[in-house]
Amino acid sequence: MTHARYPALRPRRSRAYAWSRAMVAETTLSPADLIWPLFVTDGTNNREPVRTMPGVDRLSVDLIGAAAREAAALGIPCLALFPNTPASARSDDGAEALNPDNLMCRAVKAIRDSGAAIGVLTDVALDPYTSHGHDGLLDAQHRIVNDTSVEVLVGQALTLARAGADIIAPSDMMDGRVGAIRDALEAEGFHDVQIMAYAAKYASAFYGPFRDAVGSGGYLKGDKKTYQMDFANSDEAMREVALDLAEGADSVMVKPGLPYLDIVRRVKDRFEVPVFAYQVSGEYAMMEAAVAAGVLDRDKAMIETLTAFKRAGCSGVLTYFARDVARLLG
């Protein structure tokens, strides 16, 4: 490209006024870019603060409908639900995931009954339901059994679709689960239920507060490195995304978020499909700690980081800041 030279060219001209900066902005952020994760817990009129995530609460099912109406009024298009399953309902086989009256199914139905015009994304993985805290089932040697786990995940996905979920989001990272879930949804007539695959989910240090929120951290035996991706790898993410798309995913997710924006960019450039990222619990907690220490302006940091996700190629972002950012954006 050929450009004039200074002083004929002064790049600062377009930055001189707010209206001009807005006019030439390459990336914009709106409430429609946000997905708000909510944690569901037992009880009535129960709002439990998550100790490691300041400002985030677990909500009992009877409070979920009001949260959905608030989100819809703010222009947030979708909620993501995660359960804090009681210890008494956890088991080695994660059978509670198949219960049509479990926390997730009741929360989905509560949102439907609320009349909120909003999408509902439901996580599919067994870690909120297993007594060992893993996303799949274990054999006698404490190894993850892939194909048997997939069978249970398919049942979980169908249970959630029957409850009224709009998007099934498998976060378990089992091989072949997207194709199996897609086939099952089609066979039962759920042709319009979307699959947002956690296609590039890394074994990360940033998940700790989330495990606290869903109550799985204290149960986890070992780590998840045999099924979640090595954070040193990038080409492997391309292969994982390609497999999930070939199996029927409508969109894909990269998780965590900010440390993996290079992966977002590669996925968007290569596959040209809707790409989402999760600004995960550890990222949220870090920012809140920095705000509490007086080293970050919370409003500015929220907007800047979420705009960075959009700039990298995200169609949308799952973020615990969703409600606050939507309020800021007006």
# chains A, B, ... in the order shown; residues from 1 in each chain; ligands from 1
>>> select_by_dssp(residues="region 199-301 of chain A", states="strand (DSSP E or B)", output="list in words")
Ala199, Ala200, Lys201, Tyr202, Met229, Ser251, Val252, Met253, Val254, Lys255, Val275, Phe276, Ala277, Tyr278 and Gln279 of chain A
>>> select_by_dssp(residues="region 134-177 of chain A", states="alpha helix (DSSP H)", output="list of chain:residue names")
A:Asn146, A:Asp147, A:Thr148, A:Ser149, A:Val150, A:Glu151, A:Val152, A:Leu153, A:Val154, A:Gly155, A:Gln156, A:Ala157, A:Leu158, A:Thr159, A:Leu160, A:Ala161, A:Arg162, A:Ala163, A:Arg177
>>> write_last_selection(atoms="all heavy atoms", output="short mmCIF file (atom, residue, chain, number, x, y, z; two decimals), in the first residue's frame")
data_model
loop_
_atom_site.label_atom_id
_atom_site.label_comp_id
_atom_site.auth_asym_id
_atom_site.auth_seq_id
_atom_site.Cartn_x
_atom_site.Cartn_y
_atom_site.Cartn_z
N ASN A 146 -13.70 -43.35 27.25
CA ASN A 146 -14.25 -42.41 26.29
C ASN A 146 -15.64 -42.80 25.80
O ASN A 146 -16.60 -42.04 25.93
CB ASN A 146 -13.31 -42.28 25.09
CG ASN A 146 -13.69 -41.13 24.17
OD1 ASN A 146 -13.19 -40.02 24.32
ND2 ASN A 146 -14.56 -41.37 23.20
N ASP A 147 -15.78 -43.97 25.22
CA ASP A 147 -17.01 -44.30 24.50
C ASP A 147 -18.20 -44.49 25.44
O ASP A 147 -19.33 -44.09 25.12
CB ASP A 147 -16.80 -45.56 23.65
CG ASP A 147 -15.80 -45.32 22.53
OD1 ASP A 147 -15.23 -44.21 22.45
OD2 ASP A 147 -15.54 -46.25 21.75
N THR A 148 -17.96 -45.07 26.62
CA THR A 148 -19.03 -45.20 27.60
C THR A 148 -19.45 -43.82 28.10
O THR A 148 -20.65 -43.56 28.32
CB THR A 148 -18.59 -46.08 28.77
OG1 THR A 148 -18.10 -47.33 28.27
CG2 THR A 148 -19.75 -46.34 29.72
N SER A 149 -18.48 -42.94 28.26
CA SER A 149 -18.80 -41.57 28.67
C SER A 149 -19.66 -40.89 27.62
O SER A 149 -20.62 -40.17 27.96
CB SER A 149 -17.51 -40.77 28.88
OG SER A 149 -16.72 -41.32 29.91
N VAL A 150 -19.35 -41.09 26.36
CA VAL A 150 -20.12 -40.47 25.28
C VAL A 150 -21.57 -40.92 25.34
O VAL A 150 -22.49 -40.12 25.12
CB VAL A 150 -19.48 -40.76 23.91
CG1 VAL A 150 -20.43 -40.35 22.77
CG2 VAL A 150 -18.15 -40.04 23.77
N GLU A 151 -21.82 -42.18 25.64
CA GLU A 151 -23.19 -42.66 25.72
C GLU A 151 -23.98 -41.89 26.78
O GLU A 151 -25.15 -41.51 26.57
CB GLU A 151 -23.19 -44.15 26.06
CG GLU A 151 -22.65 -45.04 24.94
CD GLU A 151 -22.59 -46.50 25.36
OE1 GLU A 151 -23.13 -46.84 26.45
OE2 GLU A 151 -21.99 -47.30 24.62
N VAL A 152 -23.35 -41.63 27.92
CA VAL A 152 -24.03 -40.88 28.98
C VAL A 152 -24.21 -39.42 28.56
O VAL A 152 -25.26 -38.80 28.81
CB VAL A 152 -23.24 -40.97 30.30
CG1 VAL A 152 -23.97 -40.20 31.41
CG2 VAL A 152 -23.04 -42.42 30.71
N LEU A 153 -23.21 -38.86 27.91
CA LEU A 153 -23.30 -37.46 27.45
C LEU A 153 -24.43 -37.29 26.44
O LEU A 153 -25.12 -36.26 26.45
CB LEU A 153 -21.97 -37.03 26.84
CG LEU A 153 -20.78 -36.94 27.81
CD1 LEU A 153 -19.47 -36.84 27.05
CD2 LEU A 153 -20.94 -35.75 28.75
N VAL A 154 -24.63 -38.26 25.59
CA VAL A 154 -25.75 -38.21 24.65
C VAL A 154 -27.07 -38.19 25.41
O VAL A 154 -27.98 -37.40 25.10
CB VAL A 154 -25.70 -39.41 23.68
CG1 VAL A 154 -27.00 -39.54 22.90
CG2 VAL A 154 -24.52 -39.27 22.71
N GLY A 155 -27.19 -39.05 26.42
CA GLY A 155 -28.40 -39.04 27.23
C GLY A 155 -28.60 -37.71 27.94
O GLY A 155 -29.73 -37.21 28.04
N GLN A 156 -27.52 -37.12 28.43
CA GLN A 156 -27.61 -35.82 29.08
C GLN A 156 -28.07 -34.75 28.10
O GLN A 156 -28.94 -33.93 28.43
CB GLN A 156 -26.24 -35.43 29.65
CG GLN A 156 -26.23 -34.11 30.40
CD GLN A 156 -24.83 -33.69 30.85
OE1 GLN A 156 -23.83 -34.27 30.44
NE2 GLN A 156 -24.77 -32.67 31.69
N ALA A 157 -27.52 -34.76 26.90
CA ALA A 157 -27.91 -33.77 25.88
C ALA A 157 -29.38 -33.89 25.54
O ALA A 157 -30.10 -32.88 25.42
CB ALA A 157 -27.04 -33.94 24.63
N LEU A 158 -29.87 -35.11 25.38
CA LEU A 158 -31.29 -35.32 25.07
C LEU A 158 -32.18 -34.87 26.23
O LEU A 158 -33.24 -34.27 26.01
CB LEU A 158 -31.54 -36.79 24.74
CG LEU A 158 -31.01 -37.29 23.40
CD1 LEU A 158 -31.18 -38.79 23.29
CD2 LEU A 158 -31.70 -36.58 22.24
N THR A 159 -31.76 -35.14 27.44
CA THR A 159 -32.53 -34.71 28.62
C THR A 159 -32.68 -33.19 28.63
O THR A 159 -33.77 -32.66 28.90
CB THR A 159 -31.83 -35.19 29.90
OG1 THR A 159 -31.75 -36.62 29.89
CG2 THR A 159 -32.58 -34.74 31.14
N LEU A 160 -31.61 -32.48 28.30
CA LEU A 160 -31.65 -31.01 28.29
C LEU A 160 -32.47 -30.48 27.12
O LEU A 160 -33.20 -29.50 27.25
CB LEU A 160 -30.22 -30.47 28.25
CG LEU A 160 -29.41 -30.73 29.52
CD1 LEU A 160 -27.92 -30.48 29.27
CD2 LEU A 160 -29.91 -29.89 30.68
N ALA A 161 -32.34 -31.13 25.96
CA ALA A 161 -33.13 -30.70 24.81
C ALA A 161 -34.63 -30.89 25.09
O ALA A 161 -35.45 -30.03 24.74
CB ALA A 161 -32.72 -31.49 23.56
N ARG A 162 -34.98 -31.98 25.73
CA ARG A 162 -36.39 -32.21 26.07
C ARG A 162 -36.91 -31.16 27.06
O ARG A 162 -38.09 -30.80 27.04
CB ARG A 162 -36.56 -33.61 26.67
CG ARG A 162 -36.33 -34.75 25.67
CD ARG A 162 -36.19 -36.07 26.39
NE ARG A 162 -35.76 -37.15 25.51
CZ ARG A 162 -35.03 -38.19 25.91
NH1 ARG A 162 -34.67 -38.30 27.18
NH2 ARG A 162 -34.66 -39.12 25.05
N ALA A 163 -36.02 -30.66 27.91
CA ALA A 163 -36.41 -29.63 28.87
C ALA A 163 -36.60 -28.27 28.22
O ALA A 163 -37.21 -27.38 28.82
CB ALA A 163 -35.37 -29.54 29.98
N ARG A 177 -17.96 -37.09 20.62
CA ARG A 177 -19.23 -36.81 21.29
C ARG A 177 -20.11 -35.88 20.49
O ARG A 177 -21.34 -35.99 20.54
CB ARG A 177 -19.01 -36.30 22.72
CG ARG A 177 -18.84 -34.79 22.90
CD ARG A 177 -17.48 -34.29 22.57
NE ARG A 177 -17.25 -32.99 23.23
CZ ARG A 177 -16.44 -32.09 22.71
NH1 ARG A 177 -15.82 -32.29 21.58
NH2 ARG A 177 -16.26 -30.96 23.36
#
>>> closest_atom_pairs(of="region 167-233 of chain A", to="region 239-254 of chain A", cutoff="8 Å", atoms="only C-alpha atoms", output="CSV")
residue,atom,partner,partner_atom,distance
A:Gly176,CA,A:Glu247,CA,7.7
A:Val178,CA,A:Glu247,CA,5.8
A:Gly179,CA,A:Glu247,CA,4.3
A:Arg182,CA,A:Gly248,CA,6.1
A:Gln194,CA,A:Asp250,CA,6.1
A:Ile195,CA,A:Ala249,CA,5.0
A:Met196,CA,A:Ser251,CA,4.8
A:Ala197,CA,A:Val252,CA,4.8
A:Tyr198,CA,A:Met253,CA,4.7
A:Ala199,CA,A:Val241,CA,5.2
A:Ala200,CA,A:Val254,CA,4.9
A:Lys201,CA,A:Val254,CA,5.9
>>> closest_residue(among="A:Ser114, A:Thr307, A:Ser88, A:Thr130", to="Glu70 (chain A)", atoms="only C-alpha atoms")
A:Ser114
>>> closest_residue(among="A:Ala285, A:Cys105, A:Ile144, A:Val273", to="Lys225 (chain A)", atoms="only C-alpha atoms")
A:Ile144
>>> closest_atom_pairs(of="region 93-160 of chain A", to="region 35-48 of chain A", cutoff="10 Å", atoms="only C-alpha atoms", output="CSV")
residue,atom,partner,partner_atom,distance
A:Asn102,CA,A:Asp42,CA,9.8
A:Leu103,CA,A:Val40,CA,6.7
A:Met104,CA,A:Val40,CA,7.3
A:Arg106,CA,A:Val40,CA,9.6
A:Ala107,CA,A:Val40,CA,7.3
A:Gly119,CA,A:Ile35,CA,9.3
A:Val120,CA,A:Ile35,CA,9.5
A:Leu121,CA,A:Ile35,CA,8.8
A:Thr122,CA,A:Pro37,CA,9.7
>>> write_last_selection(atoms="N, CA and C atoms", output="PDB file, in the first residue's frame")
ATOM      1  N   ASN A 102     -33.555 -32.618  37.251  1.00  0.00           N
ATOM      2  CA  ASN A 102     -32.348 -32.107  37.909  1.00  0.00           C
ATOM      3  C   ASN A 102     -32.327 -30.575  37.868  1.00  0.00           C
ATOM      4  N   LEU A 103     -31.342 -29.985  38.502  1.00  0.00           N
ATOM      5  CA  LEU A 103     -31.268 -28.525  38.597  1.00  0.00           C
ATOM      6  C   LEU A 103     -31.284 -27.860  37.229  1.00  0.00           C
ATOM      7  N   MET A 104     -30.534 -28.412  36.288  1.00  0.00           N
ATOM      8  CA  MET A 104     -30.441 -27.795  34.960  1.00  0.00           C
ATOM      9  C   MET A 104     -31.795 -27.809  34.261  1.00  0.00           C
ATOM     10  N   ARG A 106     -34.783 -28.055  35.559  1.00  0.00           N
ATOM     11  CA  ARG A 106     -35.733 -27.156  36.216  1.00  0.00           C
ATOM     12  C   ARG A 106     -35.420 -25.697  35.913  1.00  0.00           C
ATOM     13  N   ALA A 107     -34.126 -25.362  35.803  1.00  0.00           N
ATOM     14  CA  ALA A 107     -33.750 -23.980  35.478  1.00  0.00           C
ATOM     15  C   ALA A 107     -34.150 -23.623  34.051  1.00  0.00           C
ATOM     16  N   GLY A 119     -32.173 -16.924  24.629  1.00  0.00           N
ATOM     17  CA  GLY A 119     -31.697 -18.269  24.366  1.00  0.00           C
ATOM     18  C   GLY A 119     -31.126 -18.908  25.616  1.00  0.00           C
ATOM     19  N   VAL A 120     -31.165 -20.242  25.641  1.00  0.00           N
ATOM     20  CA  VAL A 120     -30.650 -20.988  26.789  1.00  0.00           C
ATOM     21  C   VAL A 120     -29.595 -21.983  26.299  1.00  0.00           C
ATOM     22  N   LEU A 121     -28.387 -21.793  26.774  1.00  0.00           N
ATOM     23  CA  LEU A 121     -27.261 -22.684  26.466  1.00  0.00           C
ATOM     24  C   LEU A 121     -27.026 -23.566  27.685  1.00  0.00           C
ATOM     25  N   THR A 122     -26.916 -24.864  27.463  1.00  0.00           N
ATOM     26  CA  THR A 122     -26.719 -25.790  28.577  1.00  0.00           C
ATOM     27  C   THR A 122     -25.423 -26.563  28.390  1.00  0.00           C
TER      28      THR A 122
END
>>> atom_distance(atom1="CA of Ile168 (chain A)", atom2="CA of Arg143 (chain A)")
25.6 Å
>>> closest_residue(among="A:Ala169, A:Val61, A:Gly55, A:Phe271", to="Phe321 (chain A)", atoms="only C-alpha atoms")
A:Gly55
>>> closest_residue(among="A:Gly136, A:Gly65, A:Pro49, A:Gly215", to="Gln228 (chain A)", atoms="only C-alpha atoms")
A:Gly136
>>> closest_atom_pairs(of="region 272-326 of chain A", to="region 20-28 of chain A", cutoff="12 Å", atoms="only C-alpha atoms", output="tab-separated table")
residue	atom	partner	partner_atom	distance
A:Ile303	CA	A:Thr28	CA	10.2
A:Glu304	CA	A:Thr28	CA	10.8
A:Leu306	CA	A:Thr28	CA	9.9
A:Thr307	CA	A:Thr28	CA	6.9
A:Ala308	CA	A:Thr27	CA	8.7
A:Phe309	CA	A:Thr27	CA	9.8
A:Lys310	CA	A:Thr27	CA	6.7
A:Arg311	CA	A:Thr27	CA	5.8
A:Ala312	CA	A:Thr27	CA	9.5
A:Gly313	CA	A:Thr27	CA	9.6
A:Cys314	CA	A:Thr27	CA	10.7
A:Ser315	CA	A:Thr28	CA	11.2
A:Gly316	CA	A:Thr28	CA	11.6
>>> atom_distance(atom1="CA of Ile111 (chain A)", atom2="CA of Asp299 (chain A)")
28.6 Å
>>> closest_residue(among="A:Met53, A:Val295, A:Ala97, A:Val124", to="Thr85 (chain A)", atoms="only C-alpha atoms")
A:Ala97
>>> decode(residues="region 255-290 of chain A", atoms="N, CA and C atoms", output="PDB file, in the first residue's frame")
ATOM      1  N   LYS A 255     -11.506 -22.041  24.934  1.00  0.00           N
ATOM      2  CA  LYS A 255     -11.540 -21.827  26.385  1.00  0.00           C
ATOM      3  C   LYS A 255     -10.194 -22.241  26.972  1.00  0.00           C
ATOM      4  N   PRO A 256      -9.600 -21.376  27.838  1.00  0.00           N
ATOM      5  CA  PRO A 256      -9.983 -20.046  28.291  1.00  0.00           C
ATOM      6  C   PRO A 256      -9.973 -18.986  27.187  1.00  0.00           C
ATOM      7  N   GLY A 257     -10.026 -17.698  27.647  1.00  0.00           N
ATOM      8  CA  GLY A 257     -10.200 -16.606  26.701  1.00  0.00           C
ATOM      9  C   GLY A 257      -8.955 -15.811  26.393  1.00  0.00           C
ATOM     10  N   LEU A 258      -8.668 -14.803  27.184  1.00  0.00           N
ATOM     11  CA  LEU A 258      -7.606 -13.854  26.841  1.00  0.00           C
ATOM     12  C   LEU A 258      -6.262 -14.503  26.570  1.00  0.00           C
ATOM     13  N   PRO A 259      -5.824 -15.533  27.325  1.00  0.00           N
ATOM     14  CA  PRO A 259      -4.527 -16.132  27.001  1.00  0.00           C
ATOM     15  C   PRO A 259      -4.523 -16.924  25.692  1.00  0.00           C
ATOM     16  N   TYR A 260      -5.695 -17.070  25.067  1.00  0.00           N
ATOM     17  CA  TYR A 260      -5.818 -17.918  23.874  1.00  0.00           C
ATOM     18  C   TYR A 260      -6.418 -17.180  22.684  1.00  0.00           C
ATOM     19  N   LEU A 261      -6.265 -15.871  22.636  1.00  0.00           N
ATOM     20  CA  LEU A 261      -6.815 -15.115  21.514  1.00  0.00           C
ATOM     21  C   LEU A 261      -6.117 -15.463  20.203  1.00  0.00           C
ATOM     22  N   ASP A 262      -4.885 -15.939  20.271  1.00  0.00           N
ATOM     23  CA  ASP A 262      -4.217 -16.392  19.042  1.00  0.00           C
ATOM     24  C   ASP A 262      -4.948 -17.595  18.452  1.00  0.00           C
ATOM     25  N   ILE A 263      -5.502 -18.443  19.314  1.00  0.00           N
ATOM     26  CA  ILE A 263      -6.253 -19.607  18.830  1.00  0.00           C
ATOM     27  C   ILE A 263      -7.568 -19.144  18.204  1.00  0.00           C
ATOM     28  N   VAL A 264      -8.228 -18.192  18.838  1.00  0.00           N
ATOM     29  CA  VAL A 264      -9.460 -17.630  18.271  1.00  0.00           C
ATOM     30  C   VAL A 264      -9.205 -17.115  16.860  1.00  0.00           C
ATOM     31  N   ARG A 265      -8.145 -16.359  16.700  1.00  0.00           N
ATOM     32  CA  ARG A 265      -7.842 -15.762  15.398  1.00  0.00           C
ATOM     33  C   ARG A 265      -7.565 -16.836  14.351  1.00  0.00           C
ATOM     34  N   ARG A 266      -6.798 -17.864  14.727  1.00  0.00           N
ATOM     35  CA  ARG A 266      -6.505 -18.940  13.783  1.00  0.00           C
ATOM     36  C   ARG A 266      -7.775 -19.677  13.372  1.00  0.00           C
ATOM     37  N   VAL A 267      -8.640 -19.968  14.352  1.00  0.00           N
ATOM     38  CA  VAL A 267      -9.887 -20.677  14.050  1.00  0.00           C
ATOM     39  C   VAL A 267     -10.757 -19.847  13.121  1.00  0.00           C
ATOM     40  N   LYS A 268     -10.904 -18.559  13.406  1.00  0.00           N
ATOM     41  CA  LYS A 268     -11.763 -17.708  12.585  1.00  0.00           C
ATOM     42  C   LYS A 268     -11.237 -17.604  11.159  1.00  0.00           C
ATOM     43  N   ASP A 269      -9.933 -17.400  11.028  1.00  0.00           N
ATOM     44  CA  ASP A 269      -9.348 -17.247   9.689  1.00  0.00           C
ATOM     45  C   ASP A 269      -9.447 -18.534   8.877  1.00  0.00           C
ATOM     46  N   ARG A 270      -9.279 -19.661   9.536  1.00  0.00           N
ATOM     47  CA  ARG A 270      -9.240 -20.930   8.795  1.00  0.00           C
ATOM     48  C   ARG A 270     -10.624 -21.474   8.461  1.00  0.00           C
ATOM     49  N   PHE A 271     -11.557 -21.364   9.401  1.00  0.00           N
ATOM     50  CA  PHE A 271     -12.830 -22.060   9.228  1.00  0.00           C
ATOM     51  C   PHE A 271     -14.009 -21.142   8.893  1.00  0.00           C
ATOM     52  N   GLU A 272     -13.904 -19.853   9.173  1.00  0.00           N
ATOM     53  CA  GLU A 272     -14.950 -18.883   8.846  1.00  0.00           C
ATOM     54  C   GLU A 272     -16.319 -19.338   9.359  1.00  0.00           C
ATOM     55  N   VAL A 273     -16.349 -19.744  10.613  1.00  0.00           N
ATOM     56  CA  VAL A 273     -17.588 -20.149  11.294  1.00  0.00           C
ATOM     57  C   VAL A 273     -17.737 -19.303  12.557  1.00  0.00           C
ATOM     58  N   PRO A 274     -18.921 -19.286  13.175  1.00  0.00           N
ATOM     59  CA  PRO A 274     -19.049 -18.561  14.437  1.00  0.00           C
ATOM     60  C   PRO A 274     -18.123 -19.146  15.510  1.00  0.00           C
ATOM     61  N   VAL A 275     -17.295 -18.293  16.072  1.00  0.00           N
ATOM     62  CA  VAL A 275     -16.335 -18.696  17.099  1.00  0.00           C
ATOM     63  C   VAL A 275     -16.657 -17.920  18.378  1.00  0.00           C
ATOM     64  N   PHE A 276     -16.778 -18.633  19.479  1.00  0.00           N
ATOM     65  CA  PHE A 276     -17.026 -18.026  20.772  1.00  0.00           C
ATOM     66  C   PHE A 276     -15.841 -18.315  21.686  1.00  0.00           C
ATOM     67  N   ALA A 277     -15.694 -17.494  22.689  1.00  0.00           N
ATOM     68  CA  ALA A 277     -14.666 -17.735  23.699  1.00  0.00           C
ATOM     69  C   ALA A 277     -15.274 -17.537  25.070  1.00  0.00           C
ATOM     70  N   TYR A 278     -14.656 -18.144  26.056  1.00  0.00           N
ATOM     71  CA  TYR A 278     -15.137 -18.062  27.429  1.00  0.00           C
ATOM     72  C   TYR A 278     -14.113 -17.276  28.243  1.00  0.00           C
ATOM     73  N   GLN A 279     -14.526 -16.106  28.725  1.00  0.00           N
ATOM     74  CA  GLN A 279     -13.699 -15.359  29.667  1.00  0.00           C
ATOM     75  C   GLN A 279     -13.896 -16.040  31.022  1.00  0.00           C
ATOM     76  N   VAL A 280     -13.015 -16.958  31.350  1.00  0.00           N
ATOM     77  CA  VAL A 280     -13.297 -17.935  32.400  1.00  0.00           C
ATOM     78  C   VAL A 280     -13.140 -17.341  33.799  1.00  0.00           C
ATOM     79  N   SER A 281     -13.481 -18.164  34.769  1.00  0.00           N
ATOM     80  CA  SER A 281     -13.559 -17.719  36.160  1.00  0.00           C
ATOM     81  C   SER A 281     -12.244 -17.149  36.675  1.00  0.00           C
ATOM     82  N   GLY A 282     -11.128 -17.764  36.303  1.00  0.00           N
ATOM     83  CA  GLY A 282      -9.842 -17.260  36.755  1.00  0.00           C
ATOM     84  C   GLY A 282      -9.526 -15.891  36.196  1.00  0.00           C
ATOM     85  N   GLU A 283      -9.904 -15.659  34.941  1.00  0.00           N
ATOM     86  CA  GLU A 283      -9.722 -14.334  34.338  1.00  0.00           C
ATOM     87  C   GLU A 283     -10.571 -13.300  35.071  1.00  0.00           C
ATOM     88  N   TYR A 284     -11.818 -13.675  35.341  1.00  0.00           N
ATOM     89  CA  TYR A 284     -12.723 -12.779  36.064  1.00  0.00           C
ATOM     90  C   TYR A 284     -12.164 -12.462  37.452  1.00  0.00           C
ATOM     91  N   ALA A 285     -11.751 -13.507  38.176  1.00  0.00           N
ATOM     92  CA  ALA A 285     -11.267 -13.317  39.539  1.00  0.00           C
ATOM     93  C   ALA A 285     -10.004 -12.457  39.567  1.00  0.00           C
ATOM     94  N   MET A 286      -9.126 -12.657  38.591  1.00  0.00           N
ATOM     95  CA  MET A 286      -7.910 -11.835  38.522  1.00  0.00           C
ATOM     96  C   MET A 286      -8.248 -10.365  38.355  1.00  0.00           C
ATOM     97  N   MET A 287      -9.165 -10.079  37.442  1.00  0.00           N
ATOM     98  CA  MET A 287      -9.540  -8.686  37.205  1.00  0.00           C
ATOM     99  C   MET A 287     -10.200  -8.075  38.429  1.00  0.00           C
ATOM    100  N   GLU A 288     -11.082  -8.826  39.081  1.00  0.00           N
ATOM    101  CA  GLU A 288     -11.737  -8.302  40.270  1.00  0.00           C
ATOM    102  C   GLU A 288     -10.719  -8.055  41.394  1.00  0.00           C
ATOM    103  N   ALA A 289      -9.718  -8.931  41.504  1.00  0.00           N
ATOM    104  CA  ALA A 289      -8.684  -8.731  42.519  1.00  0.00           C
ATOM    105  C   ALA A 289      -7.874  -7.472  42.222  1.00  0.00           C
ATOM    106  N   ALA A 290      -7.587  -7.254  40.934  1.00  0.00           N
ATOM    107  CA  ALA A 290      -6.842  -6.047  40.559  1.00  0.00           C
ATOM    108  C   ALA A 290      -7.661  -4.793  40.819  1.00  0.00           C
TER     109      ALA A 290
END
